[in-house]
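Have a look at start-v2.txt below; it lists compact mmCIF, C-alpha atoms.
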# COMPACT_ATOMS: atom_id res chain seq x y z
CA MET A 1 5.91 -4.73 -1.63
CA SER A 2 9.06 -6.77 -2.04
CA ALA A 3 10.96 -6.91 -5.30
CA ILE A 4 9.82 -10.49 -5.98
CA LEU A 5 6.14 -9.61 -5.43
CA PHE A 6 6.59 -6.55 -7.67
CA LEU A 7 8.14 -8.72 -10.38
CA ALA A 8 5.40 -11.35 -10.01
CA GLN A 9 2.65 -8.74 -10.23
CA ARG A 10 4.11 -7.00 -13.28
CA THR A 11 4.78 -10.30 -15.07
CA SER A 12 1.28 -11.62 -14.33
CA ALA A 13 -0.17 -8.27 -15.49
CA PHE A 14 1.64 -8.72 -18.81
CA VAL A 15 0.17 -12.22 -19.20
CA LEU A 16 -3.29 -10.96 -18.22
CA ALA A 17 -3.18 -8.09 -20.72
CA LEU A 18 -2.71 -10.61 -23.53
CA ALA A 19 -4.99 -13.27 -22.06
CA VAL A 20 -7.92 -10.90 -21.41
CA ALA A 21 -7.68 -9.52 -24.97
CA ILE A 22 -7.68 -13.04 -26.44
CA HIS A 23 -10.47 -14.14 -24.07
CA LEU A 24 -12.74 -11.21 -25.02
CA GLY A 25 -11.89 -11.49 -28.71
CA THR A 26 -12.74 -15.19 -28.66
CA ILE A 27 -16.07 -14.53 -26.94
CA LEU A 28 -17.02 -11.89 -29.52
CA TYR A 29 -15.98 -14.17 -32.37
CA ALA A 30 -17.59 -17.33 -30.97
CA VAL A 31 -21.02 -15.87 -30.19
CA ARG A 32 -21.49 -13.84 -33.34
CA GLY A 33 -23.97 -16.41 -34.69
CA GLY A 34 -25.36 -17.47 -31.31
CA LEU A 35 -23.88 -20.21 -29.18
CA THR A 36 -25.18 -22.72 -26.64
CA ALA A 37 -23.47 -24.27 -23.61
CA ALA A 38 -23.41 -27.54 -25.49
CA GLY A 39 -21.74 -25.76 -28.42
CA ILE A 40 -19.03 -24.32 -26.15
CA LEU A 41 -18.34 -27.63 -24.43
CA ALA A 42 -18.14 -29.38 -27.79
CA ARG A 43 -15.29 -27.04 -28.73
CA THR A 44 -13.45 -27.13 -25.40
CA HIS A 45 -13.71 -30.82 -24.59
CA GLY A 46 -10.33 -32.45 -25.02
CA ASN A 47 -8.87 -29.24 -26.48
CA ILE A 48 -5.30 -29.04 -25.15
CA ALA A 49 -4.74 -25.50 -26.48
CA PHE A 50 -7.83 -24.34 -24.61
CA ALA A 51 -6.71 -26.01 -21.38
CA LEU A 52 -3.18 -24.57 -21.62
CA PHE A 53 -4.42 -21.06 -22.41
CA TYR A 54 -6.98 -20.92 -19.60
CA GLY A 55 -4.63 -22.74 -17.22
CA ALA A 56 -2.09 -19.93 -17.77
CA PHE A 57 -4.90 -17.38 -17.40
CA VAL A 58 -5.91 -18.85 -14.04
CA ILE A 59 -2.32 -18.93 -12.77
CA ALA A 60 -1.85 -15.28 -13.76
CA VAL A 61 -5.08 -14.27 -11.99
CA ALA A 62 -4.19 -16.27 -8.89
CA ILE A 63 -0.81 -14.50 -8.70
CA HIS A 64 -1.99 -11.02 -9.65
CA ALA A 65 -5.14 -10.59 -7.55
CA PRO A 66 -3.77 -11.45 -4.07
CA ILE A 67 -0.73 -9.18 -4.52
CA GLY A 68 -2.95 -6.28 -5.56
CA LEU A 69 -5.38 -6.99 -2.75
CA ARG A 70 -2.48 -7.10 -0.29
CA ASN A 71 -1.42 -3.61 -1.40
CA VAL A 72 -4.95 -2.27 -1.07
CA LEU A 73 -5.36 -3.77 2.41
CA ARG A 74 -1.98 -2.44 3.55
CA GLU A 75 -2.86 1.05 2.38
CA TRP A 76 -6.47 1.24 3.53
CA THR A 77 -6.48 -0.84 6.71
CA PRO A 78 -4.08 -1.31 9.63
CA TRP A 79 -3.72 -5.01 8.72
CA ARG A 80 -0.03 -5.89 8.29
CA GLY A 81 2.41 -8.66 8.90
CA ARG A 82 2.34 -12.43 8.78
CA SER A 83 -1.41 -12.88 9.25
CA LEU A 84 -2.06 -10.74 6.17
CA ASP A 85 0.48 -12.67 4.10
CA ILE A 86 -0.99 -16.01 5.21
CA ALA A 87 -4.55 -14.88 4.44
CA LEU A 88 -3.53 -13.80 0.95
CA ALA A 89 -1.53 -16.98 0.37
CA LEU A 90 -4.76 -18.86 1.15
CA PHE A 91 -6.61 -16.55 -1.25
CA PHE A 92 -4.00 -17.43 -3.91
CA ILE A 93 -4.63 -21.15 -3.33
CA LEU A 94 -8.42 -20.62 -3.42
CA LEU A 95 -8.26 -18.79 -6.77
CA LEU A 96 -5.90 -21.38 -8.18
CA VAL A 97 -8.01 -24.37 -7.08
CA LEU A 98 -11.34 -22.88 -8.18
CA GLY A 99 -9.90 -21.71 -11.50
CA MET A 100 -8.15 -24.96 -12.31
CA ARG A 101 -11.24 -26.91 -11.28
CA ALA A 102 -13.29 -24.88 -13.76
CA VAL A 103 -10.73 -25.34 -16.55
CA PHE A 104 -10.57 -29.06 -15.91
CA ALA A 105 -14.38 -29.34 -15.78
CA VAL A 106 -14.80 -27.66 -19.17
CA PHE A 107 -11.83 -29.50 -20.70
CA SER A 108 -12.94 -32.95 -19.59
CA ALA A 109 -16.71 -32.54 -19.87
CA MET B 1 -5.14 55.79 -1.56
CA SER B 2 -4.87 53.31 1.30
CA GLU B 3 -3.23 49.91 0.80
CA PRO B 4 -5.58 47.01 0.13
CA THR B 5 -6.15 44.59 3.00
CA LEU B 6 -4.95 41.01 2.95
CA HIS B 7 -7.13 38.52 4.85
CA VAL B 8 -5.21 35.54 6.20
CA ASP B 9 -6.44 32.45 8.04
CA VAL B 10 -3.61 30.80 9.97
CA TRP B 11 -3.71 27.39 11.64
CA ARG B 12 -3.19 27.67 15.41
CA GLY B 13 -2.65 24.60 17.54
CA THR B 14 -1.24 21.14 16.96
CA GLU B 15 -3.21 18.21 15.50
CA THR B 16 -6.26 19.87 17.01
CA GLY B 17 -6.76 23.59 16.81
CA ALA B 18 -8.50 26.21 14.71
CA PHE B 19 -7.82 28.85 12.11
CA GLN B 20 -7.20 32.37 13.37
CA ALA B 21 -8.00 35.30 11.12
CA PHE B 22 -5.56 38.16 10.61
CA GLU B 23 -5.71 41.30 8.49
CA LEU B 24 -2.64 43.10 7.26
CA PRO B 25 -1.70 45.37 4.38
CA ARG B 26 -1.35 43.72 1.01
CA ARG B 27 1.88 44.85 -0.56
CA ALA B 28 3.47 44.45 -3.94
CA HIS B 29 5.86 41.48 -4.27
CA GLN B 30 5.02 40.32 -0.73
CA THR B 31 5.91 36.65 -0.15
CA ILE B 32 3.97 34.20 2.00
CA LEU B 33 6.91 34.17 4.43
CA ASP B 34 6.73 38.01 4.60
CA VAL B 35 3.08 37.64 5.59
CA VAL B 36 3.79 35.09 8.33
CA THR B 37 6.69 37.15 9.67
CA GLU B 38 4.58 40.31 9.74
CA ILE B 39 1.81 38.49 11.62
CA GLN B 40 4.30 37.24 14.20
CA ARG B 41 6.05 40.59 14.64
CA GLU B 42 3.07 42.94 14.45
CA HIS B 43 0.00 40.92 15.48
CA ASP B 44 0.74 37.84 17.58
CA ALA B 45 4.24 37.02 18.85
CA THR B 46 3.11 33.53 19.92
CA LEU B 47 2.74 32.32 16.32
CA SER B 48 5.22 29.51 15.67
CA TYR B 49 6.77 28.85 12.28
CA ARG B 50 10.15 27.93 10.89
CA PHE B 51 12.46 29.66 8.45
CA ALA B 52 16.15 30.34 8.03
CA CYS B 53 17.64 31.51 4.73
CA ARG B 54 14.66 33.29 3.09
CA VAL B 55 16.18 32.65 -0.35
CA GLY B 56 15.09 29.11 -1.23
CA MET B 57 18.17 27.26 -0.10
CA CYS B 58 17.54 25.84 3.37
CA GLY B 59 14.20 24.11 2.88
CA SER B 60 12.80 25.03 6.28
CA CYS B 61 9.85 27.32 5.54
CA ALA B 62 7.48 25.01 3.64
CA MET B 63 3.79 25.17 4.53
CA VAL B 64 0.46 24.32 2.96
CA VAL B 65 -0.78 27.50 1.31
CA ASN B 66 -4.39 27.49 0.13
CA GLY B 67 -4.35 23.69 0.01
CA ARG B 68 -1.01 23.24 -1.75
CA PRO B 69 2.41 22.59 -0.23
CA ARG B 70 4.83 25.37 -1.13
CA TRP B 71 8.14 26.96 -0.13
CA THR B 72 6.85 30.16 1.36
CA CYS B 73 9.98 32.30 0.98
CA ARG B 74 9.85 32.02 -2.81
CA THR B 75 6.08 32.14 -3.21
CA ARG B 76 4.52 35.51 -3.71
CA VAL B 77 1.02 36.22 -2.47
CA ASN B 78 0.12 37.31 -6.00
CA ASP B 79 1.02 33.83 -7.30
CA VAL B 80 -1.50 32.21 -4.96
CA ILE B 81 -4.55 34.47 -4.77
CA GLU B 82 -6.33 37.09 -6.81
CA ALA B 83 -7.42 40.44 -5.37
CA GLY B 84 -10.09 39.98 -2.71
CA GLU B 85 -9.31 36.30 -2.06
CA LYS B 86 -8.16 34.97 1.30
CA LEU B 87 -4.88 33.29 2.20
CA ARG B 88 -5.12 30.07 4.19
CA LEU B 89 -1.92 28.84 5.85
CA GLU B 90 -1.55 25.38 7.38
CA PRO B 91 1.35 23.20 8.50
CA LEU B 92 2.68 20.59 6.07
CA ARG B 93 0.57 17.44 5.83
CA ASN B 94 1.91 13.98 6.76
CA PHE B 95 4.07 15.49 9.53
CA THR B 96 3.37 15.75 13.24
CA VAL B 97 2.57 19.35 14.05
CA VAL B 98 4.78 20.81 16.78
CA LYS B 99 2.80 24.03 17.02
CA ASP B 100 0.94 26.24 14.55
CA LEU B 101 2.96 26.13 11.29
CA ALA B 102 6.02 24.29 12.60
CA VAL B 103 6.22 20.54 12.02
CA GLU B 104 8.40 17.73 13.37
CA MET B 105 10.85 16.70 10.61
CA THR B 106 12.58 13.82 12.45
CA GLN B 107 10.65 10.96 10.80
CA PHE B 108 11.17 12.57 7.39
CA PHE B 109 14.96 12.63 7.78
CA ASP B 110 15.07 9.24 9.53
CA LYS B 111 13.62 7.81 6.34
CA TRP B 112 16.57 9.23 4.37
CA LYS B 113 18.78 7.10 6.60
CA ASP B 114 16.44 4.10 6.22
CA ALA B 115 16.73 4.45 2.43
CA LYS B 116 20.53 4.61 2.81
CA GLY B 117 20.40 8.12 1.43
CA TYR B 118 23.99 8.84 2.37
CA PHE B 119 27.27 8.33 0.54
CA GLU B 120 28.90 4.98 1.27
CA PRO B 121 32.66 5.21 0.61
CA GLY B 122 33.29 1.48 1.23
CA ALA B 123 35.85 -0.21 3.45
CA GLN B 124 38.82 0.88 1.38
CA PRO B 125 39.29 4.36 -0.03
CA GLN B 126 39.45 4.65 -3.79
CA PRO B 127 43.07 4.42 -5.00
CA ASP B 128 42.71 7.52 -7.17
CA PHE B 129 40.29 10.27 -8.11
CA THR B 130 37.24 8.96 -9.98
CA VAL B 131 36.71 10.68 -13.30
CA VAL B 132 33.00 11.42 -13.79
CA PRO B 133 32.32 12.93 -17.23
CA PRO B 134 29.47 15.47 -17.00
CA ALA B 135 27.77 13.85 -20.00
CA ALA B 136 27.84 10.33 -18.52
CA PRO B 137 24.29 8.89 -18.17
CA GLU B 138 24.81 8.17 -14.46
CA ARG B 139 25.99 11.74 -13.84
CA GLN B 140 23.02 13.12 -15.77
CA ALA B 141 20.60 10.95 -13.77
CA ALA B 142 22.17 12.04 -10.47
CA ASP B 143 22.15 15.70 -11.57
CA ALA B 144 18.40 15.53 -12.19
CA GLY B 145 17.71 14.84 -8.53
CA ILE B 146 20.68 16.32 -6.69
CA GLU B 147 19.31 19.81 -5.94
CA CYS B 148 16.83 18.63 -3.29
CA ILE B 149 16.78 21.00 -0.30
CA GLY B 150 14.84 18.64 2.00
CA CYS B 151 11.89 20.99 2.40
CA GLY B 152 9.30 18.22 2.82
CA VAL B 153 6.92 19.58 0.17
CA CYS B 154 6.92 16.28 -1.75
CA TYR B 155 6.38 14.31 1.45
CA SER B 156 3.44 16.55 2.33
CA ALA B 157 1.95 16.12 -1.15
CA CYS B 158 2.34 12.32 -1.29
CA ASP B 159 -0.86 10.27 -1.03
CA VAL B 160 1.06 7.06 -0.36
CA VAL B 161 2.70 8.60 2.73
CA ALA B 162 -0.77 9.60 3.91
CA TRP B 163 -1.93 5.97 3.55
CA ASP B 164 1.18 4.21 4.80
CA LYS B 165 3.21 6.00 7.47
CA ASP B 166 6.10 3.59 6.89
CA TYR B 167 6.50 4.49 3.19
CA LEU B 168 9.94 6.01 2.69
CA GLY B 169 8.57 8.89 0.66
CA PRO B 170 9.69 10.75 -2.46
CA ALA B 171 12.59 12.75 -0.99
CA ALA B 172 14.38 9.78 0.59
CA LEU B 173 13.92 7.65 -2.52
CA ASN B 174 15.07 10.49 -4.76
CA ARG B 175 18.24 10.82 -2.68
CA ALA B 176 18.79 7.06 -2.88
CA TRP B 177 18.47 7.26 -6.68
CA THR B 178 21.15 9.96 -6.93
CA LEU B 179 23.48 7.67 -4.95
CA VAL B 180 22.61 4.61 -7.05
CA ASN B 181 23.96 6.71 -9.92
CA ASP B 182 27.08 7.84 -8.05
CA VAL B 183 29.84 5.72 -9.57
CA ARG B 184 32.08 6.31 -6.50
CA ASP B 185 29.50 4.92 -4.06
CA GLN B 186 30.06 1.40 -2.70
CA GLY B 187 26.62 0.83 -1.15
CA TYR B 188 24.67 -0.20 -4.26
CA GLU B 189 23.39 -3.62 -3.11
CA ALA B 190 22.51 -2.55 0.42
CA ARG B 191 20.73 0.52 -0.93
CA LEU B 192 18.63 -1.50 -3.37
CA ASP B 193 17.72 -3.81 -0.46
CA ALA B 194 16.70 -0.78 1.59
CA VAL B 195 14.55 0.84 -1.11
CA SER B 196 12.84 -2.40 -2.12
CA ALA B 197 11.61 -3.42 1.31
CA GLY B 198 7.87 -3.43 1.94
CA ASN B 199 7.77 0.32 2.42
CA GLY B 200 10.01 1.18 -0.50
CA CYS B 201 9.89 2.30 -4.11
CA GLN B 202 7.37 -0.32 -5.30
CA ALA B 203 4.69 1.22 -3.07
CA CYS B 204 4.71 4.40 -5.23
CA HIS B 205 1.45 4.83 -7.16
CA THR B 206 2.96 7.28 -9.65
CA HIS B 207 0.41 9.96 -8.76
CA MET B 208 3.22 12.48 -9.42
CA SER B 209 2.12 14.94 -6.73
CA CYS B 210 5.77 15.13 -5.59
CA THR B 211 6.86 16.06 -9.09
CA LYS B 212 4.03 18.56 -9.47
CA PHE B 213 4.81 20.44 -6.26
CA CYS B 214 8.60 20.17 -5.89
CA PRO B 215 9.79 23.79 -5.68
CA LYS B 216 13.17 22.81 -7.15
CA ALA B 217 11.51 21.25 -10.22
CA ILE B 218 12.93 17.83 -9.36
CA ALA B 219 10.92 14.82 -10.52
CA PRO B 220 11.07 12.28 -7.66
CA THR B 221 8.55 10.15 -9.57
CA TYR B 222 11.18 9.47 -12.24
CA SER B 223 13.81 8.79 -9.59
CA ILE B 224 11.47 6.24 -8.00
CA ALA B 225 10.77 4.72 -11.42
CA GLY B 226 14.54 4.43 -11.88
CA LEU B 227 14.83 2.61 -8.56
CA LYS B 228 12.02 0.26 -9.59
CA ARG B 229 13.88 -0.55 -12.80
CA ALA B 230 17.17 -1.11 -10.96
CA VAL B 231 15.50 -3.39 -8.40
CA LEU B 232 13.66 -5.25 -11.16
CA ARG B 233 16.87 -5.81 -13.14
CA ARG B 234 18.57 -7.18 -10.05
CA SER B 235 15.59 -9.45 -9.24
CA LEU B 236 15.61 -10.82 -12.79
CA ARG B 237 19.35 -11.45 -12.57
CA ASN B 238 18.80 -13.36 -9.31
CA VAL B 239 15.84 -15.34 -10.68
CA LEU B 240 17.33 -16.25 -14.06
Final structure tokens representation of the file:
Amino acid sequence: MSAILFLAQRTSAFVLALAVAIHLGTILYAVRGGLTAAGILARTHGNIAFALFYGAFVIAVAIHAPIGLRNVLREWTPWRGRSLDIALALFFILLLVLGMRAVFAVFSA
Amino acid sequence: MSEPTLHVDVWRGTETGAFQAFELPRRAHQTILDVVTEIQREHDATLSYRFACRVGMCGSCAMVVNGRPRWTCRTRVNDVIEAGEKLRLEPLRNFTVVKDLAVEMTQFFDKWKDAKGYFEPGAQPQPDFTVVPPAAPERQAADAGIECIGCGVCYSACDVVAWDKDYLGPAALNRAWTLVNDVRDQGYEARLDAVSAGNGCQACHTHMSCTKFCPKAIAPTYSIAGLKRAVLRRSLRNVL
């Protein structure tokens, strides 16, 4: 793993550690009295703080997961080189697009 | 009273082969290397193994003893097995086996070169002697890793080497770390490039097997962590 990938993975891990804790804490807090999909969307619709937080969350996931997966594949399979890097760059784009699409859908619903 | 018998299974062959059983007298203070030497001299002269100094300096006699990599000249039989248990001797893991207990060390030492694990004096000689206070942090960090004898025990114990044959390994990275901390050395940037390539220090999983088994009580894991920090600092400097 190159120094830049190492830095990107450690930095995204730091963001994820905070984001996952906030995400889980919010879930526990929000559902304590029961919550419906309509109730969630009512809170998230047009909420800039929500969109920024989950946008950052998605970016961190999209960076972190492909780098980790690349390490696992390099260690456990003979797959190396440019084709592996391209496949995982596509995986990065897939996670980013799907994640941002979900954030946007809940923000703008 | 007759001497107790020591039962020893010894790997015979190369990558393929089988264990051969030997019986010899179990003696007080007998080392694993004593056992191998006695087998070769008294039982089977075709047994291949490697040793030189017999006193823990040369790093040539390492083998896997009952599943663990060890320096055999400084390991007593009594430290490995209880009375009645068997000894099981194999060549070091993660190396190509030449024959029986002797392994090919070329790749291991080539990786020291790949990690730039050699002193780089620079184009111009230093104008004067460099004063290196023994208490200086760099000197202390280099001291912690400098006593490596190149025995290959850490390399044999490393899971990452087993997964990725290109990984530089604990010994080469430890040597690089001692040189990163050598204030006279002029190869800092090139060395950080070498140890942060795809097969370098960031591939370490911090399993600490190298540190657990190093017969010289060196902690290559901490040396590798030091390299990671140095590379990270440089990356941040370049990014910011």
For this session: Output as a list in words the set of chain B residues within 6 Å of chain A, with distances taken over only C-alpha atoms.
Result: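 Filtering chain B at 6 Å from chain A with only C-alpha atoms gives Trp163, Asp164, Ser196, Ala197, Gly198 and Gln202 of chain B.
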Residues from last step as file, C-alpha atoms, as a tab-separated table (two decimals), in the frame of the given file:
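As written to disk, part.tsv reads:
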chain	number	residue	atom	x	y	z
B	163	TRP	CA	-1.93	5.97	3.55
B	164	ASP	CA	1.18	4.21	4.80
B	196	SER	CA	12.84	-2.40	-2.12
B	197	ALA	CA	11.61	-3.42	1.31
B	198	GLY	CA	7.87	-3.43	1.94
B	202	GLN	CA	7.37	-0.32	-5.30
Exercise. In terms of the shortest atom-to-atom distance over all atoms listed in the file, which of A:Thr36, A:Gln9, A:Thr26, A:Thr44 is closest to Ala105 (chain A)?
Worked result: A:Thr44
Problem set entry | Close residues, Ala38 (chain A) itself excluded, 12 Å, only C-alpha atoms, min 5 positions apart in chain, as a list in words |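 Close residues of Ala38 (chain A): Arg43, Thr44, His45, Val106 and Ala109 of chain A.
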Exercise. Which residues, written as a PyMOL selection string, have at least one atom at most 9 Å from Phe107 (chain A), with only C-alpha atoms counted and residues fewer than 5 positions away on the same chain left out?
Worked result: chain A and resi 41+44-48+50-51+102
Exercise. Any idea what the distance is between CA of Phe109 (chain B) and CA of Gln40 (chain B)?
Worked result: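 A separation of 27.6 Å between them.
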For this session: Tell me, in Å to one decimal, how far CA of Ala62 (chain B) is from CA of Thr178 (chain B).
Result: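 Here the two named atoms are 22.9 Å from each other.
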Exercise. Suppose you want the space between CA of Ile218 (chain B) and CA of Ala171 (chain B); what is it in Å?
Worked result: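 Pair CA of Ile218 (chain B) / CA of Ala171 (chain B) returns 9.8 Å.
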Exercise. Which protein, DNA or RNA residues have an atom at most 12 Å from (16.1, 27.8, 7.9), counting only C-alpha atoms? List them as JSON, numbers by chain.
Worked result: {"B": [33, 49, 50, 51, 52, 53, 54, 55, 56, 57, 58, 59, 60, 61, 62, 71, 72, 73, 102, 149, 150, 151]}
Exercise. Could you pull the residues within 12 Å of Lys99 (chain B), counting all atoms listed in the file, minus those fewer than 5 positions along the same chain, as number ranges by chain?
Worked result: B: 10-18, 46-50, 90-92, 104
As lines of an AutoDock Vina configuration file, please: the centre and edge lengths in Å, to one decimal, of an axis-aligned box enclosing every listed atom of region 60-75 of chain B with 5 Å added on each side.
center_x = 4.2
center_y = 27.4
center_z = 1.5
size_x = 27.2
size_y = 19.7
size_z = 19.5
Problem set entry | Of the listed residues B:Ala203, B:Leu240, B:Ala190, B:Leu24, that which approaches Tyr118 (chain B) most closely, counting only C-alpha atoms |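 Under the stated criterion, the closest residue is B:Ala190.
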For this session: Using only C-alpha atoms, determine which residues lie at most 9 Å from Ile81 (chain B), disregarding the query and same-chain residues fewer than 5 positions distant; provide the list as a count of residues only.
Result: 3
Problem set entry | Residue contacts of Gln30 (chain B) (8 Å, only C-alpha atoms) excluding same-chain residues fewer than 5 positions away, as a list in words |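 Final neighbour list, sorted by chain and number: Val35, Arg76, Val77 and Asn78 of chain B.
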Grab the residues selected above and save them as a CSV table (one decimal), in the frame of the given file with C-alpha atoms.
chain,number,residue,atom,x,y,z
B,35,VAL,CA,3.1,37.6,5.6
B,76,ARG,CA,4.5,35.5,-3.7
B,77,VAL,CA,1.0,36.2,-2.5
B,78,ASN,CA,0.1,37.3,-6.0
Problem set entry | Spatial sel., origin (-2.0, -21.5, -8.9), limit 12 Å, only C-alpha atoms, listed as a list of chain:residue names |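 Every polymer residue passing the test: A:Ser12, A:Tyr54, A:Gly55, A:Ala56, A:Phe57, A:Val58, A:Ile59, A:Ala60, A:Val61, A:Ala62, A:Ile63, A:His64, A:Ala65, A:Pro66, A:Ala89, A:Leu90, A:Phe91, A:Phe92, A:Ile93, A:Leu94, A:Leu95, A:Leu96, A:Val97, A:Leu98, A:Gly99, A:Met100, A:Arg101.
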N, CA and C atoms for region 17-42 of chain A, written as a tab-separated table (two decimals), keeping the file's coordinate frame, could you do that?
chain	number	residue	atom	x	y	z
A	17	ALA	N	-2.84	-9.04	-19.65
A	17	ALA	CA	-3.18	-8.09	-20.72
A	17	ALA	C	-3.42	-8.84	-22.03
A	18	LEU	N	-2.55	-9.81	-22.32
A	18	LEU	CA	-2.71	-10.61	-23.53
A	18	LEU	C	-3.90	-11.56	-23.40
A	19	ALA	N	-3.98	-12.23	-22.24
A	19	ALA	CA	-4.99	-13.27	-22.06
A	19	ALA	C	-6.40	-12.68	-22.08
A	20	VAL	N	-6.59	-11.52	-21.44
A	20	VAL	CA	-7.92	-10.90	-21.41
A	20	VAL	C	-8.33	-10.49	-22.83
A	21	ALA	N	-7.37	-9.94	-23.59
A	21	ALA	CA	-7.68	-9.52	-24.97
A	21	ALA	C	-8.09	-10.74	-25.81
A	22	ILE	N	-7.34	-11.83	-25.69
A	22	ILE	CA	-7.68	-13.04	-26.44
A	22	ILE	C	-9.02	-13.61	-25.98
A	23	HIS	N	-9.23	-13.62	-24.67
A	23	HIS	CA	-10.47	-14.14	-24.07
A	23	HIS	C	-11.69	-13.37	-24.61
A	24	LEU	N	-11.61	-12.03	-24.56
A	24	LEU	CA	-12.74	-11.21	-25.02
A	24	LEU	C	-12.93	-11.34	-26.53
A	25	GLY	N	-11.81	-11.34	-27.25
A	25	GLY	CA	-11.89	-11.49	-28.71
A	25	GLY	C	-12.54	-12.81	-29.09
A	26	THR	N	-12.17	-13.87	-28.37
A	26	THR	CA	-12.74	-15.19	-28.66
A	26	THR	C	-14.24	-15.21	-28.38
A	27	ILE	N	-14.64	-14.58	-27.26
A	27	ILE	CA	-16.07	-14.53	-26.94
A	27	ILE	C	-16.85	-13.83	-28.07
A	28	LEU	N	-16.33	-12.65	-28.48
A	28	LEU	CA	-17.02	-11.89	-29.52
A	28	LEU	C	-17.11	-12.69	-30.82
A	29	TYR	N	-16.01	-13.38	-31.14
A	29	TYR	CA	-15.98	-14.17	-32.37
A	29	TYR	C	-16.92	-15.38	-32.27
A	30	ALA	N	-16.87	-16.06	-31.10
A	30	ALA	CA	-17.59	-17.33	-30.97
A	30	ALA	C	-19.10	-17.15	-30.94
A	31	VAL	N	-19.57	-16.02	-30.37
A	31	VAL	CA	-21.02	-15.87	-30.19
A	31	VAL	C	-21.68	-15.06	-31.30
A	32	ARG	N	-20.92	-14.75	-32.34
A	32	ARG	CA	-21.49	-13.84	-33.34
A	32	ARG	C	-22.73	-14.43	-34.01
A	33	GLY	N	-22.79	-15.77	-34.10
A	33	GLY	CA	-23.97	-16.41	-34.69
A	33	GLY	C	-24.83	-17.09	-33.65
A	34	GLY	N	-24.63	-16.79	-32.37
A	34	GLY	CA	-25.36	-17.47	-31.31
A	34	GLY	C	-24.63	-18.74	-30.91
A	35	LEU	N	-24.63	-19.05	-29.65
A	35	LEU	CA	-23.88	-20.21	-29.18
A	35	LEU	C	-24.55	-20.77	-27.93
A	36	THR	N	-24.58	-22.08	-27.81
A	36	THR	CA	-25.18	-22.72	-26.64
A	36	THR	C	-24.08	-23.30	-25.75
A	37	ALA	N	-24.44	-23.64	-24.52
A	37	ALA	CA	-23.47	-24.27	-23.61
A	37	ALA	C	-22.95	-25.56	-24.22
A	38	ALA	N	-23.84	-26.29	-24.85
A	38	ALA	CA	-23.41	-27.54	-25.49
A	38	ALA	C	-22.42	-27.25	-26.62
A	39	GLY	N	-22.65	-26.15	-27.33
A	39	GLY	CA	-21.74	-25.76	-28.42
A	39	GLY	C	-20.36	-25.40	-27.89
A	40	ILE	N	-20.32	-24.69	-26.76
A	40	ILE	CA	-19.03	-24.32	-26.15
A	40	ILE	C	-18.29	-25.56	-25.70
A	41	LEU	N	-18.99	-26.43	-24.97
A	41	LEU	CA	-18.34	-27.63	-24.43
A	41	LEU	C	-17.85	-28.54	-25.55
A	42	ALA	N	-18.58	-28.56	-26.66
A	42	ALA	CA	-18.14	-29.38	-27.79
A	42	ALA	C	-16.79	-28.91	-28.31
